[in-house]
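S.K.: Please find one structure pasted underneath; my questions will follow.
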Amino acid sequence: VERSLNIGIRPQGHMIGIRPDFEGDEVPQGGTAKFSLIAVDPDGRREALQGAQWSLVKVERNYQWYRSSNSWNYEPVTFTKSVANGQVDLTADGEATVSLPVDWGRYRL
């Protein structure tokens with residue numbers, strides 16, 4: 001017998017919604033990454049939030065080589081580097097935007 005059950009999970013506190021405003025989850029090298037931001041209460045209704053802080057970090061990965069039992073192995077080492085940060089005011093009736101130039105690589109807002 002197999003059964004499934006979908007249960008909605010309500011957040012404990014206020015949340016910030018981030019939508020990327022570019023196609024295919026990627027921005028061309030040297031392009032501008034644009035995001036739309038909103039704030040919502042635990043019931044999912046939009047609300048105003050003054051001075052919301054944001055930061056953009058670049059996610060980089062290197063590989064660490066090591067020798068174990070007469071064989072060479074490697075493991076990824078991931079680290080982040082701060083690129084930009086700031087504040088934005090979110091309103092209950094609109095979307096705030098953050099636009100930033102990016103280069104090649106992975107980023108996290």
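If you're wondering about the labels, chains in the structure tokens are A, B, ... by order shown, residues count from 1 in each chain, ligands from 1 in order shown.
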With stretch 97-108 of chain A as the partner and 6 Å as the cut-off, tabulate the residues of stretch 21-63 of chain A that qualify, each row holding the nearest pair of atoms and their distance in Å to one decimal, using only C-alpha atoms, sorted by chain and rising number, as a tab-separated table.

M.R.:
residue	atom	partner	partner_atom	distance
A:Gln29	CA	A:Asp103	CA	4.9
A:Gly30	CA	A:Asp103	CA	4.8
A:Gly31	CA	A:Pro101	CA	5.7
A:Thr32	CA	A:Pro101	CA	4.2
A:Ala33	CA	A:Leu100	CA	5.3
A:Lys34	CA	A:Ser99	CA	4.2
A:Phe35	CA	A:Val98	CA	5.3
A:Ser36	CA	A:Thr97	CA	4.6
A:Leu56	CA	A:Arg108	CA	5.7
A:Val57	CA	A:Arg108	CA	5.4
A:Lys58	CA	A:Tyr107	CA	4.4
A:Val59	CA	A:Arg106	CA	5.3

S.K.: Considering only C-alpha atoms, state which residue in the set A:Thr91, A:Ser55, A:Ser82, A:Asn62 is at the smallest distance from A:Val40.

M.R.: A:Thr91

S.K.: Calculated over only C-alpha atoms, which of the candidates A:Val83, A:Leu49, A:Leu37, A:Val77 has the smallest distance to A:Arg61?

M.R.: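 Of all the options, A:Val77 lies closest to A:Arg61.
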
S.K.: Considering only C-alpha atoms, return as a PyMOL selection string whatever protein or nucleic-acid residues lie within 7 Å of A:Ala48, sequence-local ones (same chain, fewer than 5 positions apart) excluded.

M.R.: chain A and resi 39+90-92

S.K.: Just to confirm, what's the straight-line distance from atom CA of A:Pro42 to atom CA of A:Ile16 in Å (one decimal)?

M.R.: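 If I compute the distance from atom CA of A:Pro42 to atom CA of A:Ile16, I get 10.6 Å.
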
S.K.: With only C-alpha atoms as the basis for distance, which of A:Glu60, A:Asp41, A:Asp21, A:Glu47 is at the shortest distance from A:Thr80?

M.R.: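 That would be A:Glu60, the residue with the smallest distance to A:Thr80.
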
S.K.: If we count only C-alpha atoms and set the cut-off at 8 Å, which residues sit around A:Val88, ignoring sequence neighbours fewer than 4 positions away in its own chain? Please answer as a VMD selection string.

M.R.: chain A and resid 50 to 54 96
